[in-house]
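Colleague: Input file: protein.csv. Contents: CSV, C-alpha atoms.
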```csv
chain,number,residue,atom,x,y,z
A,4,ASP,CA,1.4,-19.4,-20.4
A,5,GLY,CA,1.6,-19.6,-16.6
A,6,GLY,CA,2.9,-16.8,-14.4
A,7,ILE,CA,2.3,-13.6,-12.6
A,8,THR,CA,1.4,-10.5,-14.5
A,9,GLN,CA,1.4,-6.9,-13.2
A,10,SER,CA,0.1,-3.8,-15.0
A,11,PRO,CA,0.9,-1.2,-15.8
A,12,LYS,CA,4.6,-1.5,-16.2
A,13,TYR,CA,5.0,2.3,-15.6
A,14,LEU,CA,2.6,4.6,-13.9
A,15,PHE,CA,2.7,8.3,-13.3
A,16,ARG,CA,0.5,9.9,-10.7
A,17,LYS,CA,-0.2,13.4,-9.7
A,18,GLU,CA,-0.1,14.2,-6.0
A,19,GLY,CA,-3.4,13.7,-4.3
A,20,GLN,CA,-4.6,10.9,-6.7
A,21,ASN,CA,-5.3,7.3,-5.8
A,22,VAL,CA,-4.0,4.7,-8.2
A,23,THR,CA,-4.5,1.0,-8.4
A,24,LEU,CA,-1.8,-1.5,-9.5
A,25,SER,CA,-3.0,-4.8,-10.9
A,26,CYS,CA,-1.6,-8.2,-10.0
A,27,GLU,CA,-2.9,-11.5,-11.5
A,28,GLN,CA,-1.6,-15.0,-11.3
A,29,ASN,CA,-2.7,-18.2,-13.0
A,30,LEU,CA,-0.5,-20.5,-10.9
A,31,ASN,CA,-3.3,-21.5,-8.6
A,32,HIS,CA,-1.2,-20.2,-5.7
A,33,ASP,CA,-2.8,-19.6,-2.4
A,34,ALA,CA,-0.8,-16.7,-1.0
A,35,MET,CA,-0.1,-13.3,-2.7
A,36,TYR,CA,2.1,-10.5,-1.6
A,37,TRP,CA,2.9,-6.9,-2.3
A,38,TYR,CA,6.4,-5.4,-1.8
A,39,ARG,CA,7.8,-2.0,-2.2
A,40,GLN,CA,11.5,-1.5,-3.3
A,41,ASP,CA,13.3,1.8,-3.2
A,42,PRO,CA,16.5,2.4,-5.0
A,43,GLY,CA,19.5,0.5,-3.5
A,44,GLN,CA,17.3,-1.3,-1.0
A,45,GLY,CA,15.7,-4.6,-0.4
A,46,LEU,CA,12.0,-5.5,-0.5
A,47,ARG,CA,9.6,-4.3,2.2
A,48,LEU,CA,6.3,-6.1,2.7
A,49,ILE,CA,3.2,-3.9,2.3
A,50,TYR,CA,0.3,-6.4,2.5
A,51,TYR,CA,-0.2,-10.1,2.0
A,52,SER,CA,-3.1,-12.5,1.6
A,53,GLN,CA,-3.2,-16.2,2.3
A,54,ILE,CA,-6.9,-16.9,1.3
A,55,VAL,CA,-9.6,-15.2,-0.6
A,56,ASN,CA,-11.4,-12.3,1.3
A,57,ASP,CA,-8.6,-12.1,3.9
A,58,PHE,CA,-5.4,-10.1,4.0
A,59,GLN,CA,-2.9,-8.8,6.6
A,60,LYS,CA,-0.8,-5.7,6.9
A,61,GLY,CA,2.9,-6.0,6.4
A,62,ASP,CA,5.6,-3.7,7.7
A,63,ILE,CA,4.6,-0.6,5.7
A,64,ALA,CA,0.9,-0.8,5.1
A,65,GLU,CA,0.1,2.9,5.8
A,66,GLY,CA,-1.3,4.7,2.8
A,67,TYR,CA,-2.0,1.5,0.9
A,68,SER,CA,-5.1,-0.7,0.6
A,69,VAL,CA,-5.8,-4.1,-1.0
A,70,SER,CA,-8.6,-6.6,-1.8
A,71,ARG,CA,-8.7,-10.3,-2.5
A,72,GLU,CA,-12.0,-11.1,-4.0
A,73,LYS,CA,-10.6,-13.8,-6.3
A,74,LYS,CA,-7.8,-16.2,-5.8
A,75,GLU,CA,-6.1,-15.0,-9.0
A,76,SER,CA,-6.2,-11.3,-8.3
A,77,PHE,CA,-4.6,-9.1,-5.6
A,78,PRO,CA,-4.8,-5.4,-6.6
A,79,LEU,CA,-3.0,-2.7,-4.6
A,80,THR,CA,-4.3,0.8,-4.3
A,81,VAL,CA,-1.8,3.6,-3.5
A,82,THR,CA,-3.8,6.3,-1.8
A,83,SER,CA,-3.2,10.0,-1.5
A,84,ALA,CA,-2.3,9.3,2.2
A,85,GLN,CA,0.9,7.6,1.1
A,86,LYS,CA,3.5,10.4,1.6
A,87,ASN,CA,6.2,9.1,-0.6
A,88,PRO,CA,4.8,6.6,-3.1
A,89,THR,CA,7.5,6.8,-5.9
A,90,ALA,CA,9.0,3.3,-5.9
A,91,PHE,CA,9.1,0.0,-7.7
A,92,TYR,CA,6.2,-2.3,-6.7
A,93,LEU,CA,6.5,-6.1,-6.9
A,94,CYS,CA,3.8,-8.6,-6.5
A,95,ALA,CA,4.5,-12.2,-5.6
A,96,SER,CA,2.6,-15.4,-5.1
A,97,ARG,CA,3.3,-18.7,-3.4
A,98,LYS,CA,1.8,-22.1,-2.9
A,99,ILE,CA,1.2,-22.9,0.7
A,100,GLY,CA,-0.5,-25.7,2.6
A,101,LEU,CA,0.0,-28.9,4.4
A,102,ALA,CA,2.0,-30.4,1.6
A,103,GLY,CA,4.7,-27.8,2.1
A,104,ARG,CA,5.7,-24.5,0.8
A,105,ASP,CA,7.4,-23.4,-2.4
A,106,THR,CA,9.4,-20.3,-3.0
A,107,GLN,CA,7.8,-17.0,-3.9
A,108,TYR,CA,7.5,-16.2,-7.5
A,109,PHE,CA,7.5,-12.6,-8.6
A,110,GLY,CA,5.8,-10.5,-11.2
A,111,PRO,CA,7.7,-8.1,-13.5
A,112,GLY,CA,6.9,-5.1,-11.3
A,113,THR,CA,5.3,-1.7,-11.7
A,114,ARG,CA,7.4,1.5,-11.5
A,115,LEU,CA,5.3,4.3,-9.9
A,116,THR,CA,6.4,7.9,-10.2
A,117,VAL,CA,4.6,10.8,-8.5
A,118,LEU,CA,4.8,14.0,-10.5
B,5,GLU,CA,11.3,-8.8,15.1
B,6,ASP,CA,12.8,-10.9,12.3
B,7,LYS,CA,15.9,-9.5,10.7
B,8,VAL,CA,18.1,-10.3,7.7
B,9,VAL,CA,21.4,-8.5,7.0
B,10,GLN,CA,23.5,-8.9,3.9
B,11,SER,CA,27.1,-7.9,3.3
B,12,PRO,CA,28.8,-6.3,1.5
B,13,LEU,CA,26.3,-3.7,0.3
B,14,SER,CA,28.1,-3.6,-3.0
B,15,LEU,CA,31.0,-5.2,-4.8
B,16,VAL,CA,32.9,-4.5,-8.0
B,17,VAL,CA,35.0,-7.3,-9.4
B,18,HIS,CA,36.6,-8.3,-12.8
B,19,GLU,CA,35.5,-11.2,-15.0
B,20,GLY,CA,37.0,-14.4,-13.7
B,21,ASP,CA,37.1,-13.4,-10.1
B,22,THR,CA,35.4,-15.5,-7.4
B,23,VAL,CA,33.0,-13.7,-5.0
B,24,THR,CA,31.3,-14.6,-1.7
B,25,LEU,CA,28.1,-12.9,-0.6
B,26,ASN,CA,27.0,-13.0,3.0
B,27,CYS,CA,23.6,-13.2,4.7
B,28,SER,CA,23.0,-13.4,8.4
B,29,TYR,CA,19.6,-13.8,10.0
B,30,GLU,CA,17.7,-13.6,13.2
B,31,VAL,CA,14.3,-15.3,12.7
B,32,THR,CA,11.9,-16.8,15.1
B,33,ASN,CA,11.0,-20.4,14.1
B,34,PHE,CA,13.4,-20.4,11.2
B,35,ARG,CA,12.4,-22.7,8.3
B,36,SER,CA,14.6,-21.9,5.3
B,37,LEU,CA,16.8,-19.4,3.6
B,38,LEU,CA,16.3,-18.3,0.0
B,39,TRP,CA,18.6,-16.6,-2.5
B,40,TYR,CA,17.3,-14.5,-5.4
B,41,LYS,CA,19.0,-12.7,-8.3
B,42,GLN,CA,17.5,-9.4,-9.4
B,43,GLU,CA,18.6,-7.7,-12.6
B,44,LYS,CA,16.4,-5.0,-13.9
B,45,LYS,CA,13.0,-6.3,-12.8
B,46,ALA,CA,11.6,-9.2,-10.8
B,47,PRO,CA,13.9,-11.3,-8.6
B,48,THR,CA,14.5,-14.8,-9.9
B,49,PHE,CA,14.9,-17.7,-7.6
B,50,LEU,CA,18.3,-19.3,-7.1
B,51,PHE,CA,18.3,-21.5,-4.1
B,52,MET,CA,16.3,-22.6,-1.1
B,53,LEU,CA,18.4,-23.9,1.9
B,54,THR,CA,16.8,-25.8,4.7
B,55,SER,CA,19.5,-28.0,6.2
B,56,SER,CA,22.9,-27.0,7.6
B,57,GLY,CA,26.1,-27.9,5.9
B,58,ILE,CA,24.6,-29.2,2.6
B,59,GLU,CA,25.9,-27.2,-0.3
B,60,LYS,CA,23.5,-26.4,-3.2
B,61,LYS,CA,25.1,-25.9,-6.5
B,62,SER,CA,23.9,-24.6,-9.9
B,63,GLY,CA,26.6,-24.1,-12.5
B,64,ARG,CA,29.1,-21.5,-11.1
B,65,LEU,CA,26.8,-20.6,-8.2
B,66,SER,CA,26.7,-22.4,-4.9
B,67,SER,CA,25.3,-21.7,-1.5
B,68,ILE,CA,25.4,-23.2,2.0
B,69,LEU,CA,23.6,-22.6,5.2
B,70,ASP,CA,24.9,-22.6,8.8
B,71,LYS,CA,22.0,-22.9,11.2
B,72,LYS,CA,24.2,-22.8,14.3
B,73,GLU,CA,25.9,-19.5,13.4
B,74,LEU,CA,22.7,-18.2,11.6
B,75,PHE,CA,24.2,-17.3,8.2
B,76,SER,CA,24.4,-18.3,4.6
B,77,ILE,CA,26.9,-17.6,1.9
B,78,LEU,CA,26.5,-17.4,-1.9
B,79,ASN,CA,29.6,-18.2,-3.9
B,80,ILE,CA,30.0,-17.3,-7.6
B,81,THR,CA,33.1,-18.6,-9.3
B,82,ALA,CA,34.6,-17.4,-12.6
B,83,THR,CA,32.3,-14.4,-12.6
B,84,GLN,CA,30.9,-13.1,-15.9
B,85,THR,CA,29.4,-9.7,-16.8
B,86,GLY,CA,26.0,-11.4,-16.9
B,87,ASP,CA,26.3,-12.1,-13.1
B,88,SER,CA,26.0,-8.3,-12.5
B,89,ALA,CA,22.8,-7.9,-10.4
B,90,VAL,CA,21.5,-7.4,-7.0
B,91,TYR,CA,21.5,-10.6,-4.9
B,92,LEU,CA,18.8,-10.8,-2.3
B,93,CYS,CA,18.5,-13.3,0.5
B,94,ALA,CA,15.3,-13.9,2.5
B,95,ALA,CA,14.4,-16.0,5.5
B,96,ASP,CA,11.2,-18.0,5.8
B,97,ASN,CA,9.7,-19.0,9.2
B,98,ASN,CA,7.3,-21.6,10.3
B,99,ALA,CA,5.0,-19.2,12.1
B,100,GLY,CA,3.6,-17.4,9.0
B,101,ASN,CA,3.9,-17.5,5.2
B,102,MET,CA,6.0,-14.3,4.8
B,103,LEU,CA,9.6,-13.9,3.8
B,104,THR,CA,11.9,-11.3,5.5
B,105,PHE,CA,14.3,-9.9,3.0
B,106,GLY,CA,17.8,-8.5,3.4
B,107,GLY,CA,18.8,-5.2,1.8
B,108,GLY,CA,20.7,-6.9,-1.0
B,109,THR,CA,24.2,-7.0,-2.3
B,110,ARG,CA,24.8,-5.1,-5.6
B,111,LEU,CA,27.4,-7.0,-7.6
B,112,MET,CA,29.1,-5.4,-10.7
B,113,VAL,CA,31.4,-7.6,-12.8
B,114,LYS,CA,33.6,-5.6,-15.1
B,115,PRO,CA,35.0,-7.1,-18.4
```
Spell out the structure here as structure tokens.
Modeller:
Amino acid sequence: DGGITQSPKYLFRKEGQNVTLSCEQNLNHDAMYWYRQDPGQGLRLIYYSQIVNDFQKGDIAEGYSVSREKKESFPLTVTSAQKNPTAFYLCASRKIGLAGRDTQYFGPGTRLTVL
Amino acid sequence: EDKVVQSPLSLVVHEGDTVTLNCSYEVTNFRSLLWYKQEKKAPTFLFMLTSSGIEKKSGRLSSILDKKELFSILNITATQTGDSAVYLCAADNNAGNMLTFGGGTRLMVKP
């Protein structure tokens, strides 16, 4: 069954804790993305990666970190430095390259709540 | 800085009505405009528009792009309660591989 999976679906964090959100895809997509969505708002880009072992900051990278050790996986760590982490986090992936680009496909999301 | 603006922010209609959602963009090296529907969770892809003036259609949904005036519209005819969702548009550029999203339009269709 091909697609993008995110885990966990819901996550509760105490203030001062780091937490890691998982994102895996088996679509053989080159690029992967992390977005944050706050209630009633659109998607804001946190980080993205176009190839393994390389990633770039998006518009709101402060307080977050990522890694891309494998093509299939792009975990996001929400650190204690992120002042207001309660939000819905969406991972996406996309095929890119000389042959052209497809749309982005999204995972089901992780809802993070800070207690 | 690339920017995408959607209007209206929210809309309430009754079943059977027709709605038009708007998306304007200012994007360097514009490539395409995408529409997504988001219900409770992940956005699902609706349309990708690359050429001006060519309508894309899927059932009761249709969309068109105007690259001269830098906007796109999404039309939904004979709306149903299942059309209730947030509709997102996003602009793609040739410079990178990122999408710039608008803030979304929240559509509620009442029975």
Colleague: Using only C-alpha atoms, which of the listed residues (A:Ile7, A:Leu24, A:Leu118, A:Val55) sits closest to chain B?
Modeller: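 Answer, going by the shortest atom-to-atom distance: A:Ile7.
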Colleague: Give me, as a PyMOL selection string, all polymer residues having an atom no more than 10 Å from segment 84-92 of chain A, counting only C-alpha atoms and skipping those fewer than 3 positions away in the same chain.
Modeller: (chain A and resi 9+12-16+18-21+24+37-42+46-47+49+64-67+79+81+110-118) or (chain B and resi 45-46)
Colleague: Quick one: residues within 10 Å of Leu53 of chain B, only C-alpha atoms counted, chain neighbours fewer than 5 positions away excluded, as an mmCIF file with C-alpha atoms, in the coordinates of the input?
Modeller:
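In the end it all went to part_11.cif:
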```cif
data_model
loop_
_atom_site.group_PDB
_atom_site.id
_atom_site.type_symbol
_atom_site.label_atom_id
_atom_site.label_comp_id
_atom_site.auth_asym_id
_atom_site.auth_seq_id
_atom_site.Cartn_x
_atom_site.Cartn_y
_atom_site.Cartn_z
ATOM 1 C CA ARG B 35 12.400 -22.700 8.300
ATOM 2 C CA SER B 36 14.600 -21.900 5.300
ATOM 3 C CA LEU B 37 16.800 -19.400 3.600
ATOM 4 C CA LEU B 38 16.300 -18.300 0.000
ATOM 5 C CA TRP B 39 18.600 -16.600 -2.500
ATOM 6 C CA ILE B 58 24.600 -29.200 2.600
ATOM 7 C CA GLU B 59 25.900 -27.200 -0.300
ATOM 8 C CA LYS B 60 23.500 -26.400 -3.200
ATOM 9 C CA SER B 67 25.300 -21.700 -1.500
ATOM 10 C CA ILE B 68 25.400 -23.200 2.000
ATOM 11 C CA LEU B 69 23.600 -22.600 5.200
ATOM 12 C CA ASP B 70 24.900 -22.600 8.800
ATOM 13 C CA SER B 76 24.400 -18.300 4.600
ATOM 14 C CA ALA B 95 14.400 -16.000 5.500
#
```
Colleague: Applying 12 Å and all atoms listed in the file, which residues near Gly108 of chain B remain after dropping the ones on its own chain fewer than 4 positions away? List them as a ChimeraX atom specification.
Modeller: /A:40-47 /B:8-15,25-28,39-43,47,89-94,104
Colleague: Can you tell me how far atom CA of Leu78 of chain B sits from atom CA of Glu19 of chain B, in Å to one decimal?
Modeller: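 Answer for the atom CA of Leu78 of chain B to atom CA of Glu19 of chain B separation: 17.1 Å.
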Colleague: For atom CA of Lys71 of chain B and atom CA of Phe51 of chain B, determine how far apart the two atoms are, in Å to one decimal place.
Modeller: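 That distance, rounded to one decimal, is 15.8 Å.
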Colleague: Return the single residue from B:His18, B:Lys61, B:Arg110, B:Lys7 that is closest to chain A, with distances computed using all atoms listed in the file.
Modeller: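 Of all the options, B:Arg110 lies closest to chain A.
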Colleague: Would you mind completing segment 84-97 of chain B so that it carries N, CA, C and O atoms, and writing it out as a PDB file, in the coordinates of the input?
Modeller:
```
ATOM      1  N   GLN B  84      31.129 -13.624 -14.555  1.00  0.00           N
ATOM      2  CA  GLN B  84      30.900 -13.100 -15.900  1.00  0.00           C
ATOM      3  C   GLN B  84      30.137 -11.795 -15.788  1.00  0.00           C
ATOM      4  O   GLN B  84      29.457 -11.570 -14.777  1.00  0.00           O
ATOM      5  N   THR B  85      30.163 -10.982 -16.840  1.00  0.00           N
ATOM      6  CA  THR B  85      29.400  -9.700 -16.800  1.00  0.00           C
ATOM      7  C   THR B  85      27.932  -9.951 -16.567  1.00  0.00           C
ATOM      8  O   THR B  85      27.245  -9.141 -15.952  1.00  0.00           O
ATOM      9  N   GLY B  86      27.449 -11.075 -17.043  1.00  0.00           N
ATOM     10  CA  GLY B  86      26.000 -11.400 -16.900  1.00  0.00           C
ATOM     11  C   GLY B  86      25.654 -11.713 -15.423  1.00  0.00           C
ATOM     12  O   GLY B  86      24.471 -11.812 -15.097  1.00  0.00           O
ATOM     13  N   ASP B  87      26.641 -11.839 -14.548  1.00  0.00           N
ATOM     14  CA  ASP B  87      26.300 -12.100 -13.100  1.00  0.00           C
ATOM     15  C   ASP B  87      26.047 -10.740 -12.418  1.00  0.00           C
ATOM     16  O   ASP B  87      25.623 -10.734 -11.259  1.00  0.00           O
ATOM     17  N   SER B  88      26.275  -9.623 -13.095  1.00  0.00           N
ATOM     18  CA  SER B  88      26.000  -8.300 -12.500  1.00  0.00           C
ATOM     19  C   SER B  88      24.515  -8.211 -12.161  1.00  0.00           C
ATOM     20  O   SER B  88      23.655  -8.385 -13.040  1.00  0.00           O
ATOM     21  N   ALA B  89      24.215  -7.944 -10.909  1.00  0.00           N
ATOM     22  CA  ALA B  89      22.800  -7.900 -10.400  1.00  0.00           C
ATOM     23  C   ALA B  89      22.822  -7.565  -8.964  1.00  0.00           C
ATOM     24  O   ALA B  89      23.874  -7.438  -8.338  1.00  0.00           O
ATOM     25  N   VAL B  90      21.622  -7.438  -8.426  1.00  0.00           N
ATOM     26  CA  VAL B  90      21.500  -7.400  -7.000  1.00  0.00           C
ATOM     27  C   VAL B  90      21.081  -8.773  -6.503  1.00  0.00           C
ATOM     28  O   VAL B  90      20.187  -9.403  -7.070  1.00  0.00           O
ATOM     29  N   TYR B  91      21.776  -9.254  -5.495  1.00  0.00           N
ATOM     30  CA  TYR B  91      21.500 -10.600  -4.900  1.00  0.00           C
ATOM     31  C   TYR B  91      20.791 -10.378  -3.586  1.00  0.00           C
ATOM     32  O   TYR B  91      21.301  -9.696  -2.704  1.00  0.00           O
ATOM     33  N   LEU B  92      19.611 -10.985  -3.481  1.00  0.00           N
ATOM     34  CA  LEU B  92      18.800 -10.800  -2.300  1.00  0.00           C
ATOM     35  C   LEU B  92      18.734 -12.163  -1.542  1.00  0.00           C
ATOM     36  O   LEU B  92      18.580 -13.220  -2.179  1.00  0.00           O
ATOM     37  N   CYS B  93      18.820 -12.101  -0.228  1.00  0.00           N
ATOM     38  CA  CYS B  93      18.500 -13.300   0.500  1.00  0.00           C
ATOM     39  C   CYS B  93      17.280 -13.014   1.385  1.00  0.00           C
ATOM     40  O   CYS B  93      16.987 -11.855   1.725  1.00  0.00           O
ATOM     41  N   ALA B  94      16.556 -14.055   1.700  1.00  0.00           N
ATOM     42  CA  ALA B  94      15.300 -13.900   2.500  1.00  0.00           C
ATOM     43  C   ALA B  94      15.159 -15.121   3.379  1.00  0.00           C
ATOM     44  O   ALA B  94      15.521 -16.243   3.012  1.00  0.00           O
ATOM     45  N   ALA B  95      14.610 -14.880   4.562  1.00  0.00           N
ATOM     46  CA  ALA B  95      14.400 -16.000   5.500  1.00  0.00           C
ATOM     47  C   ALA B  95      12.913 -16.249   5.651  1.00  0.00           C
ATOM     48  O   ALA B  95      12.087 -15.338   5.694  1.00  0.00           O
ATOM     49  N   ASP B  96      12.607 -17.524   5.700  1.00  0.00           N
ATOM     50  CA  ASP B  96      11.200 -18.000   5.800  1.00  0.00           C
ATOM     51  C   ASP B  96      11.080 -18.570   7.243  1.00  0.00           C
ATOM     52  O   ASP B  96      12.018 -19.174   7.778  1.00  0.00           O
ATOM     53  N   ASN B  97       9.901 -18.397   7.847  1.00  0.00           N
ATOM     54  CA  ASN B  97       9.700 -19.000   9.200  1.00  0.00           C
ATOM     55  C   ASN B  97       8.494 -19.892   9.178  1.00  0.00           C
ATOM     56  O   ASN B  97       7.699 -19.901   8.236  1.00  0.00           O
TER      57      ASN B  97
END
```
